[in-house]
file coords_14.txt (compact mmCIF, C-alpha atoms)
# COMPACT_ATOMS: atom_id res chain seq x y z
CA MET A 1 38.31 2.67 -46.21
CA LEU A 2 38.60 3.05 -42.46
CA ASP A 3 39.72 -0.24 -40.93
CA VAL A 4 37.29 0.04 -38.00
CA LYS A 5 34.37 -0.25 -40.43
CA ASN A 6 34.98 -3.97 -40.96
CA ILE A 7 35.08 -4.87 -37.28
CA LYS A 8 32.29 -7.25 -36.31
CA LEU A 9 29.74 -6.02 -33.80
CA SER A 10 30.49 -9.07 -31.64
CA GLU A 11 33.56 -7.13 -30.44
CA LEU A 12 31.49 -4.15 -29.31
CA ILE A 13 28.40 -5.73 -27.75
CA THR A 14 27.43 -4.60 -24.27
CA LYS A 15 24.96 -6.34 -21.99
CA PRO A 16 21.80 -4.34 -21.38
CA ILE A 17 19.51 -4.27 -18.37
CA THR A 18 16.40 -6.30 -19.21
CA ILE A 19 12.87 -6.54 -17.85
CA ASN A 20 9.91 -8.80 -18.59
CA PRO A 21 6.77 -7.59 -20.41
CA ASN A 22 4.65 -7.64 -17.23
CA ALA A 23 6.98 -5.41 -15.23
CA THR A 24 5.14 -2.32 -14.00
CA LEU A 25 6.00 1.22 -14.98
CA LEU A 26 7.40 1.90 -11.51
CA LYS A 27 9.52 -1.26 -11.53
CA THR A 28 10.90 -0.33 -14.93
CA ARG A 29 11.87 3.13 -13.70
CA GLU A 30 13.52 1.59 -10.63
CA HIS A 31 15.72 -0.51 -12.94
CA LEU A 32 16.78 2.58 -14.88
CA LEU A 33 17.65 4.55 -11.75
CA LYS A 34 19.26 1.67 -9.85
CA ASN A 35 21.53 0.70 -12.73
CA LYS A 36 22.14 4.28 -13.89
CA VAL A 37 21.28 3.45 -17.50
CA LYS A 38 19.37 5.38 -20.16
CA ARG A 39 17.30 2.44 -21.41
CA VAL A 40 16.13 -1.09 -20.62
CA ILE A 41 15.28 -3.85 -23.09
CA VAL A 42 11.92 -5.64 -22.76
CA VAL A 43 12.49 -9.37 -23.21
CA ASP A 44 9.84 -12.08 -23.66
CA LYS A 45 11.12 -15.68 -23.63
CA LYS A 46 14.67 -14.40 -24.18
CA ARG A 47 13.59 -12.44 -27.26
CA PRO A 48 13.77 -8.62 -27.38
CA ILE A 49 10.37 -7.05 -28.02
CA GLY A 50 10.91 -3.44 -26.98
CA VAL A 51 13.11 -0.66 -25.63
CA ILE A 52 12.04 1.68 -22.83
CA THR A 53 13.81 4.91 -21.92
CA GLU A 54 13.30 7.34 -19.06
CA LYS A 55 11.66 9.66 -21.57
CA ASP A 56 9.18 6.93 -22.56
CA ILE A 57 8.19 6.48 -18.93
CA ALA A 58 7.79 10.21 -18.35
CA LYS A 59 5.63 10.46 -21.46
CA LYS A 60 3.41 7.63 -20.25
CA ILE A 61 3.02 9.19 -16.81
CA TYR A 62 2.10 12.51 -18.45
CA GLU A 63 -0.61 10.78 -20.48
CA LEU A 64 -2.04 8.71 -17.62
CA GLY A 65 -4.27 11.31 -16.07
CA SER A 66 -6.16 9.63 -13.23
CA LYS A 67 -5.21 6.10 -14.32
CA PRO A 68 -3.23 4.26 -11.58
CA ILE A 69 0.49 4.18 -12.39
CA ASN A 70 0.76 0.56 -11.23
CA SER A 71 -1.68 -0.52 -13.92
CA VAL A 72 0.79 0.25 -16.72
CA LYS A 73 3.01 -2.65 -17.86
CA ALA A 74 6.18 -2.69 -19.93
CA LYS A 75 4.41 -4.52 -22.75
CA GLU A 76 2.40 -1.38 -23.44
CA PHE A 77 5.56 0.26 -24.78
CA ILE A 78 6.18 -2.18 -27.62
CA PRO A 79 7.28 -0.21 -30.70
CA LYS A 80 6.19 -0.79 -34.29
CA LYS A 81 9.71 -1.78 -35.27
CA LEU A 82 12.91 -2.83 -33.51
CA PHE A 83 16.21 -2.28 -35.24
CA THR A 84 18.28 -5.45 -34.92
CA LEU A 85 21.54 -6.87 -36.28
CA THR A 86 23.70 -9.87 -35.38
CA GLY A 87 27.22 -10.09 -34.01
CA ASP A 88 28.41 -10.97 -37.51
CA ASN A 89 27.32 -7.62 -38.91
CA THR A 90 29.98 -4.94 -39.17
CA VAL A 91 30.48 -1.49 -37.70
CA ASN A 92 29.83 -0.09 -41.18
CA GLU A 93 26.46 -1.86 -41.44
CA CYS A 94 25.47 -0.70 -37.96
CA ALA A 95 26.48 2.89 -38.72
CA LYS A 96 24.42 2.84 -41.92
CA MET A 97 21.35 1.65 -40.00
CA MET A 98 21.80 4.33 -37.33
CA LYS A 99 22.28 7.08 -39.91
CA LYS A 100 19.32 6.00 -42.06
CA HIS A 101 16.85 5.71 -39.19
CA ARG A 102 18.37 8.43 -36.97
CA ILE A 103 18.70 6.08 -34.01
CA SER A 104 21.38 5.71 -31.35
CA LEU A 105 20.84 2.05 -30.43
CA VAL A 106 20.79 -1.26 -32.33
CA ILE A 107 19.78 -4.53 -30.65
CA ILE A 108 22.05 -7.51 -31.34
CA THR A 109 20.34 -10.89 -31.58
CA ASN A 110 21.49 -14.50 -31.82
CA ASN A 111 20.55 -16.71 -34.78
CA ASP A 112 17.38 -17.80 -32.98
CA ASN A 113 16.36 -14.14 -32.45
CA THR A 114 17.14 -14.23 -28.73
CA LEU A 115 18.82 -11.21 -27.16
CA ARG A 116 22.59 -11.11 -27.28
CA GLY A 117 23.21 -7.47 -26.38
CA ILE A 118 23.18 -3.91 -27.70
CA VAL A 119 25.47 -1.54 -29.59
CA THR A 120 25.02 2.22 -29.16
CA GLU A 121 26.21 5.28 -31.04
CA THR A 122 28.70 5.84 -28.23
CA ASP A 123 30.02 2.27 -28.65
CA LEU A 124 30.77 3.00 -32.31
CA VAL A 125 32.48 6.27 -31.44
CA LYS A 126 34.62 4.53 -28.80
CA ALA A 127 35.53 1.82 -31.33
CA PHE A 128 36.74 4.55 -33.67
CA LEU A 129 38.86 5.98 -30.86
CA THR A 130 40.46 2.70 -29.77
CA LYS A 131 40.57 0.58 -32.94
CA GLU A 132 41.01 2.96 -35.88
CA SER A 133 44.57 3.39 -37.14
CA THR A 134 43.84 6.02 -39.79
CA SER A 135 44.31 9.62 -38.68
CA PHE A 136 42.34 12.52 -40.13
CA LYS A 137 41.37 16.00 -39.14
CA VAL A 138 38.15 17.25 -37.60
CA SER A 139 37.67 19.48 -40.65
CA LYS A 140 37.04 16.39 -42.79
CA ILE A 141 33.77 15.42 -41.11
CA MET A 142 32.60 18.52 -39.23
CA LYS A 143 29.46 20.40 -40.27
CA LYS A 144 30.28 23.85 -41.64
CA ASP A 145 26.70 25.08 -41.87
CA LEU A 146 26.03 26.52 -38.44
CA ILE A 147 22.94 27.82 -36.73
CA THR A 148 24.11 30.37 -34.19
CA ALA A 149 22.73 33.13 -31.99
CA SER A 150 24.11 36.08 -30.05
CA PRO A 151 24.25 36.43 -26.24
CA SER A 152 21.71 39.26 -26.45
CA ASP A 153 19.17 37.29 -28.50
CA PRO A 154 15.89 36.49 -26.67
CA ILE A 155 15.69 32.86 -25.58
CA LEU A 156 12.41 32.52 -27.46
CA HIS A 157 14.41 33.26 -30.63
CA VAL A 158 16.93 30.56 -29.70
CA GLU A 159 14.07 28.14 -29.10
CA SER A 160 12.61 28.95 -32.53
CA LEU A 161 15.97 28.11 -34.13
CA LEU A 162 16.11 24.74 -32.39
CA LEU A 163 12.62 23.91 -33.63
CA LYS A 164 12.88 25.34 -37.13
CA TYR A 165 16.09 23.52 -38.02
CA GLY A 166 15.46 20.35 -36.01
CA ILE A 167 18.77 20.63 -34.16
CA SER A 168 19.72 19.76 -30.60
CA ARG A 169 21.96 22.73 -29.80
CA VAL A 170 22.60 26.31 -30.81
CA ILE A 171 26.07 27.80 -30.43
CA ILE A 172 26.11 31.31 -28.96
CA GLN A 173 28.82 33.44 -30.53
CA ARG A 174 30.25 36.90 -30.02
CA ASN A 175 32.64 38.37 -32.61
CA GLN A 176 32.78 34.96 -34.32
CA MET A 177 33.97 33.32 -31.12
CA PRO A 178 31.91 30.61 -29.34
CA VAL A 179 30.96 31.87 -25.89
CA GLY A 180 28.14 29.48 -25.00
CA ILE A 181 25.84 26.64 -26.00
CA ILE A 182 22.10 26.27 -25.47
CA THR A 183 20.27 22.95 -25.70
CA PHE A 184 16.76 21.92 -24.69
CA ARG A 185 18.26 20.83 -21.38
CA ASP A 186 19.14 24.44 -20.57
CA PHE A 187 15.61 25.77 -20.37
CA VAL A 188 12.11 24.44 -20.07
CA PRO A 189 9.55 26.16 -22.30
CA ALA A 190 6.38 26.64 -20.32
CA LYS A 191 4.16 25.00 -22.91
CA ILE A 192 5.77 21.59 -22.54
CA PRO A 193 6.63 19.19 -19.72
CA GLN A 194 10.19 19.14 -18.43
CA TRP A 195 10.76 15.55 -19.53
CA ILE A 196 10.39 16.51 -23.20
CA ALA A 197 12.81 19.39 -22.84
CA GLU A 198 15.35 17.07 -21.20
CA SER A 199 15.11 14.63 -24.09
CA ALA A 200 16.55 17.26 -26.45
CA ASP A 201 14.44 15.99 -29.32
CA PRO A 202 13.41 19.06 -31.35
CA LYS A 203 10.75 17.30 -33.44
CA GLU A 204 9.04 15.92 -30.36
CA VAL A 205 9.18 19.30 -28.66
CA GLN A 206 7.48 20.88 -31.63
CA GLU A 207 4.84 18.13 -31.72
CA TYR A 208 3.93 18.63 -28.08
CA LYS A 209 4.05 22.41 -28.19
CA PHE A 210 1.22 22.43 -30.70
CA LYS A 211 -0.58 19.28 -29.63
CA LYS A 212 -4.31 19.75 -29.15
CA GLY A 213 -5.61 19.17 -25.69
CA LEU A 214 -2.91 20.96 -23.74
CA GLU A 215 -4.51 23.17 -21.16
CA GLU A 216 -4.96 26.78 -22.16
CA ILE A 217 -2.96 27.88 -19.15
CA HIS A 218 0.18 26.35 -20.70
CA SER A 219 -0.15 28.44 -23.83
CA ASN A 220 -0.34 31.59 -21.75
CA GLN A 221 2.72 30.93 -19.66
CA MET A 222 5.35 31.78 -22.27
CA SER A 223 5.14 35.48 -21.39
CA TYR A 224 7.49 35.03 -18.43
CA LEU A 225 10.24 34.02 -20.86
CA PHE A 226 10.13 37.26 -22.85
CA PRO A 227 12.62 39.22 -20.70
CA PHE A 228 15.30 36.52 -20.81
CA HIS A 229 18.18 36.39 -23.25
CA ALA A 230 20.62 33.71 -24.37
CA THR A 231 23.27 34.91 -21.95
CA ASP A 232 20.92 34.16 -19.04
CA ILE A 233 20.67 30.43 -19.66
CA MET A 234 23.58 29.38 -21.91
CA ALA A 235 26.31 27.04 -20.75
CA THR A 236 29.38 29.27 -20.81
CA ASN A 237 32.98 28.55 -21.79
CA PRO A 238 32.11 25.71 -24.17
CA ILE A 239 34.67 23.00 -24.75
CA THR A 240 35.95 23.39 -28.31
CA VAL A 241 38.16 21.49 -30.74
CA ASP A 242 40.42 22.92 -33.45
CA MET A 243 39.55 22.08 -37.07
CA ASP A 244 43.11 20.81 -37.59
CA ASP A 245 42.96 18.48 -34.56
CA ASP A 246 42.69 14.74 -35.03
CA VAL A 247 39.11 13.45 -34.85
CA LYS A 248 40.23 11.27 -31.93
CA ASN A 249 40.89 14.40 -29.87
CA ALA A 250 37.27 15.44 -30.40
CA ILE A 251 36.02 11.97 -29.42
CA THR A 252 38.15 11.98 -26.27
CA SER A 253 36.69 15.36 -25.21
CA MET A 254 33.13 14.19 -25.85
CA ILE A 255 33.56 11.00 -23.83
CA LYS A 256 35.48 12.68 -21.00
CA ASN A 257 32.88 15.43 -20.61
CA ASP A 258 29.81 13.29 -21.42
CA ILE A 259 28.67 15.54 -24.26
CA SER A 260 27.67 14.70 -27.82
CA GLY A 261 28.85 17.76 -29.75
CA LEU A 262 31.70 20.29 -29.85
CA PRO A 263 32.07 23.70 -31.52
CA VAL A 264 34.97 23.64 -34.00
CA VAL A 265 37.33 26.62 -34.13
CA LYS A 266 40.23 27.97 -36.17
CA LYS A 267 42.41 30.52 -34.41
CA SER A 268 39.63 30.79 -31.80
CA LYS A 269 37.05 31.69 -34.48
CA LEU A 270 33.96 29.48 -34.86
CA VAL A 271 34.02 27.49 -38.13
CA GLY A 272 31.81 24.45 -37.52
CA ILE A 273 30.51 21.75 -35.21
CA ILE A 274 31.28 18.06 -34.78
CA THR A 275 28.96 15.54 -33.10
CA LYS A 276 28.90 11.81 -32.38
CA SER A 277 26.40 11.50 -35.22
CA ASP A 278 28.95 13.00 -37.64
CA ILE A 279 31.46 10.33 -36.63
CA VAL A 280 28.85 7.58 -37.07
CA ALA A 281 28.03 9.07 -40.48
CA ALA A 282 31.72 8.80 -41.43
CA LEU A 283 31.64 5.12 -40.44
CA ALA A 284 28.55 4.65 -42.62
CA VAL A 285 30.27 5.72 -45.86
call {"tool": "encode", "arguments": {"input": "coords_14.txt", "output": "structure tokens"}}
result
Amino acid sequence: MLDVKNIKLSELITKPITINPNATLLKTREHLLKNKVKRVIVVDKKRPIGVITEKDIAKKIYELGSKPINSVKAKEFIPKKLFTLTGDNTVNECAKMMKKHRISLVIITNNDNTLRGIVTETDLVKAFLTKESTSFKVSKIMKKDLITASPSDPILHVESLLLKYGISRVIIQRNQMPVGIITFRDFVPAKIPQWIAESADPKEVQEYKFKKGLEEIHSNQMSYLFPFHATDIMATNPITVDMDDDVKNAITSMIKNDISGLPVVKKSKLVGIITKSDIVAALAV
């Protein structure tokens, strides 16, 4: 068993930015931008009752219509379920929760259910990097089943792959070599708002693409995408990791470059992909 799995979450807790339930939508967004964070925790009488991300705010604004933006309060974002653990829970228990529910954040509470902090997927990955003594190769946890496309493929084909397989990125390859990567952040399908595309959540993209009530004009705007190919929008010269490299090398590259996945190669040929989620899944075993 990996030794990092037994580390208590109390060693990894970070302090989140918090807001009260009556904070307005605009005030909440100000907190996100000012503190350069991806999420804020809604706290009522020191107890966590919700999580709000930039995407949540954008979604709410999109749905508002003519309703005044100042009329929306943070308490309107309360989810059906919050995923919480305590500082006494372990990295292994946290990883299992993240893997099972496909989440990237767990709220850490005190014994009286008041907010203590948060632990994110990135926190677990960093713990692996700094606290794990066992060494093993990327090939042990990488995904070998790859969804790829060619530079000449139409971007509508690439989009269909992202949606069909529920993945966040497609590797573009030429002669079995990775030459680019396309994610939802690299193009904005005309049928959907930019904020959904930026969230890189394939299921949500699909939901909104076919959601009833979208104006007919949106459904007719895809035609301008027809002439474009993968090579026109892909991020070129992707950072890669060798399958025989230590997993820690992959983690270091992800953290340094602020990315969540790397193509895996062997003698420059594409053989797989490794993501932060794969590392969390290894911690969940």
call {"tool": "residues_around", "arguments": {"input": "coords_14.txt", "residues": "Pro151 of chain A", "least_positions_apart": "4", "cutoff": "9 Å", "atoms": "only C-alpha atoms", "output": "VMD selection string"}}
result
chain A and resid 172 to 174 179 to 180 229 to 232 234
call {"tool": "write_last_selection", "arguments": {"input": "coords_14.txt", "atoms": "C-alpha atoms", "output": "PDB file, in the coordinates of the input"}}
result
ATOM      1  CA  ILE A 172      26.110  31.310 -28.960  1.00  0.00           C
ATOM      2  CA  GLN A 173      28.820  33.440 -30.530  1.00  0.00           C
ATOM      3  CA  ARG A 174      30.250  36.900 -30.020  1.00  0.00           C
ATOM      4  CA  VAL A 179      30.960  31.870 -25.890  1.00  0.00           C
ATOM      5  CA  GLY A 180      28.140  29.480 -25.000  1.00  0.00           C
ATOM      6  CA  HIS A 229      18.180  36.390 -23.250  1.00  0.00           C
ATOM      7  CA  ALA A 230      20.620  33.710 -24.370  1.00  0.00           C
ATOM      8  CA  THR A 231      23.270  34.910 -21.950  1.00  0.00           C
ATOM      9  CA  ASP A 232      20.920  34.160 -19.040  1.00  0.00           C
ATOM     10  CA  MET A 234      23.580  29.380 -21.910  1.00  0.00           C
TER      11      MET A 234
END
call {"tool": "residues_around", "arguments": {"input": "coords_14.txt", "residues": "Asp245 of chain A", "least_positions_apart": "6", "cutoff": "9 Å", "atoms": "all atoms listed in the file", "output": "compact mmCIF listing (two decimals) with C-alpha atoms, keeping the file's coordinate frame"}}
result
# COMPACT_ATOMS: atom_id res chain seq x y z
CA PHE A 136 42.34 12.52 -40.13
CA LYS A 137 41.37 16.00 -39.14
CA VAL A 138 38.15 17.25 -37.60
CA SER A 139 37.67 19.48 -40.65
call {"tool": "residues_near_point", "arguments": {"input": "coords_14.txt", "point": "(22.9, 26.7, -35.4)", "cutoff": "7 Å", "atoms": "all atoms listed in the file", "output": "VMD selection string"}}
result
chain A and resid 146 to 148 169 to 171
call {"tool": "write_last_selection", "arguments": {"input": "coords_14.txt", "atoms": "C-alpha atoms", "output": "short mmCIF file (atom, residue, chain, number, x, y, z; two decimals), in the frame of the given file"}}
result
data_model
loop_
_atom_site.label_atom_id
_atom_site.label_comp_id
_atom_site.auth_asym_id
_atom_site.auth_seq_id
_atom_site.Cartn_x
_atom_site.Cartn_y
_atom_site.Cartn_z
CA LEU A 146 26.03 26.52 -38.44
CA ILE A 147 22.94 27.82 -36.73
CA THR A 148 24.11 30.37 -34.19
CA ARG A 169 21.96 22.73 -29.80
CA VAL A 170 22.60 26.31 -30.81
CA ILE A 171 26.07 27.80 -30.43
#
call {"tool": "closest_residue", "arguments": {"input": "coords_14.txt", "among": "A:Val119, A:Leu283, A:Ile69, A:Leu161", "to": "Asp3 of chain A", "atoms": "only C-alpha atoms"}}
result
A:Leu283
call {"tool": "residues_around", "arguments": {"input": "coords_14.txt", "residues": "Ser277 of chain A", "least_positions_apart": "4", "cutoff": "12 Å", "atoms": "all atoms listed in the file", "output": "number ranges by chain"}}
result
A: 95-96, 98-105, 120-125, 141-143, 167-168, 251, 254, 259-262, 273, 281-284
call {"tool": "closest_residue", "arguments": {"input": "coords_14.txt", "among": "A:Asn257, A:Ser152, A:Asn6, A:Thr236", "to": "Lys131 of chain A", "atoms": "only C-alpha atoms"}}
result
A:Asn6
call {"tool": "residues_around", "arguments": {"input": "coords_14.txt", "residues": "segment 37-51 of chain A", "least_positions_apart": "2", "cutoff": "7 Å", "atoms": "all atoms listed in the file", "output": "list in words"}}
result
Pro16, Ile17, Thr18, Ile19, Asn20, Pro21, Leu32, Leu33, Asn35, Thr53, Glu54, Phe77, Ile78, Pro79, Leu82, Asn113, Thr114 and Leu115 of chain A
call {"tool": "write_last_selection", "arguments": {"input": "coords_14.txt", "atoms": "C-alpha atoms", "output": "tab-separated table (two decimals), keeping the file's coordinate frame"}}
result
chain	number	residue	atom	x	y	z
A	16	PRO	CA	21.80	-4.34	-21.38
A	17	ILE	CA	19.51	-4.27	-18.37
A	18	THR	CA	16.40	-6.30	-19.21
A	19	ILE	CA	12.87	-6.54	-17.85
A	20	ASN	CA	9.91	-8.80	-18.59
A	21	PRO	CA	6.77	-7.59	-20.41
A	32	LEU	CA	16.78	2.58	-14.88
A	33	LEU	CA	17.65	4.55	-11.75
A	35	ASN	CA	21.53	0.70	-12.73
A	53	THR	CA	13.81	4.91	-21.92
A	54	GLU	CA	13.30	7.34	-19.06
A	77	PHE	CA	5.56	0.26	-24.78
A	78	ILE	CA	6.18	-2.18	-27.62
A	79	PRO	CA	7.28	-0.21	-30.70
A	82	LEU	CA	12.91	-2.83	-33.51
A	113	ASN	CA	16.36	-14.14	-32.45
A	114	THR	CA	17.14	-14.23	-28.73
A	115	LEU	CA	18.82	-11.21	-27.16
call {"tool": "residues_near_point", "arguments": {"input": "coords_14.txt", "point": "(23.7, -9.6, -27.9)", "cutoff": "8 Å", "atoms": "all atoms listed in the file", "output": "list in words"}}
result
Ser10, Ile13, Thr14, Lys15, Thr86, Gly87, Ile107, Ile108, Thr109, Asn110, Leu115, Arg116, Gly117 and Ile118 of chain A
call {"tool": "write_last_selection", "arguments": {"input": "coords_14.txt", "atoms": "C-alpha atoms", "output": "short mmCIF file (atom, residue, chain, number, x, y, z; two decimals), in the coordinates of the input"}}
result
data_model
loop_
_atom_site.label_atom_id
_atom_site.label_comp_id
_atom_site.auth_asym_id
_atom_site.auth_seq_id
_atom_site.Cartn_x
_atom_site.Cartn_y
_atom_site.Cartn_z
CA SER A 10 30.49 -9.07 -31.64
CA ILE A 13 28.40 -5.73 -27.75
CA THR A 14 27.43 -4.60 -24.27
CA LYS A 15 24.96 -6.34 -21.99
CA THR A 86 23.70 -9.87 -35.38
CA GLY A 87 27.22 -10.09 -34.01
CA ILE A 107 19.78 -4.53 -30.65
CA ILE A 108 22.05 -7.51 -31.34
CA THR A 109 20.34 -10.89 -31.58
CA ASN A 110 21.49 -14.50 -31.82
CA LEU A 115 18.82 -11.21 -27.16
CA ARG A 116 22.59 -11.11 -27.28
CA GLY A 117 23.21 -7.47 -26.38
CA ILE A 118 23.18 -3.91 -27.70
#
call {"tool": "closest_residue", "arguments": {"input": "coords_14.txt", "among": "A:Lys248, A:Pro238, A:Tyr165, A:Lys73", "to": "Asp145 of chain A", "atoms": "all atoms listed in the file"}}
result
A:Tyr165
call {"tool": "closest_residue", "arguments": {"input": "coords_14.txt", "among": "A:Asp56, A:Glu63, A:Glu30, A:Asp88", "to": "Ile7 of chain A", "atoms": "all atoms listed in the file"}}
result
A:Asp88
call {"tool": "atom_distance", "arguments": {"input": "coords_14.txt", "atom1": "atom CA of Met97 of chain A", "atom2": "atom CA of Phe83 of chain A"}}
result
8.0 Å
call {"tool": "closest_residue", "arguments": {"input": "coords_14.txt", "among": "A:Lys267, A:Lys36, A:Lys67, A:Lys5", "to": "Gln176 of chain A", "atoms": "all atoms listed in the file"}}
result
A:Lys267
call {"tool": "closest_residue", "arguments": {"input": "coords_14.txt", "among": "A:Leu162, A:Ser71, A:Lys81, A:Ile181", "to": "Ala235 of chain A", "atoms": "all atoms listed in the file"}}
result
A:Ile181
call {"tool": "atom_distance", "arguments": {"input": "coords_14.txt", "atom1": "atom CA of Val271 of chain A", "atom2": "atom CA of Ala149 of chain A"}}
result
14.0 Å
call {"tool": "atom_distance", "arguments": {"input": "coords_14.txt", "atom1": "atom CA of Asp246 of chain A", "atom2": "atom CA of Leu9 of chain A"}}
result
24.5 Å
call {"tool": "residues_around", "arguments": {"input": "coords_14.txt", "residues": "Ala23 of chain A", "least_positions_apart": "5", "cutoff": "10 Å", "atoms": "all atoms listed in the file", "output": "list in words"}}
result
Thr28, Arg29, Val42, Asn70, Val72, Lys73, Ala74 and Lys75 of chain A
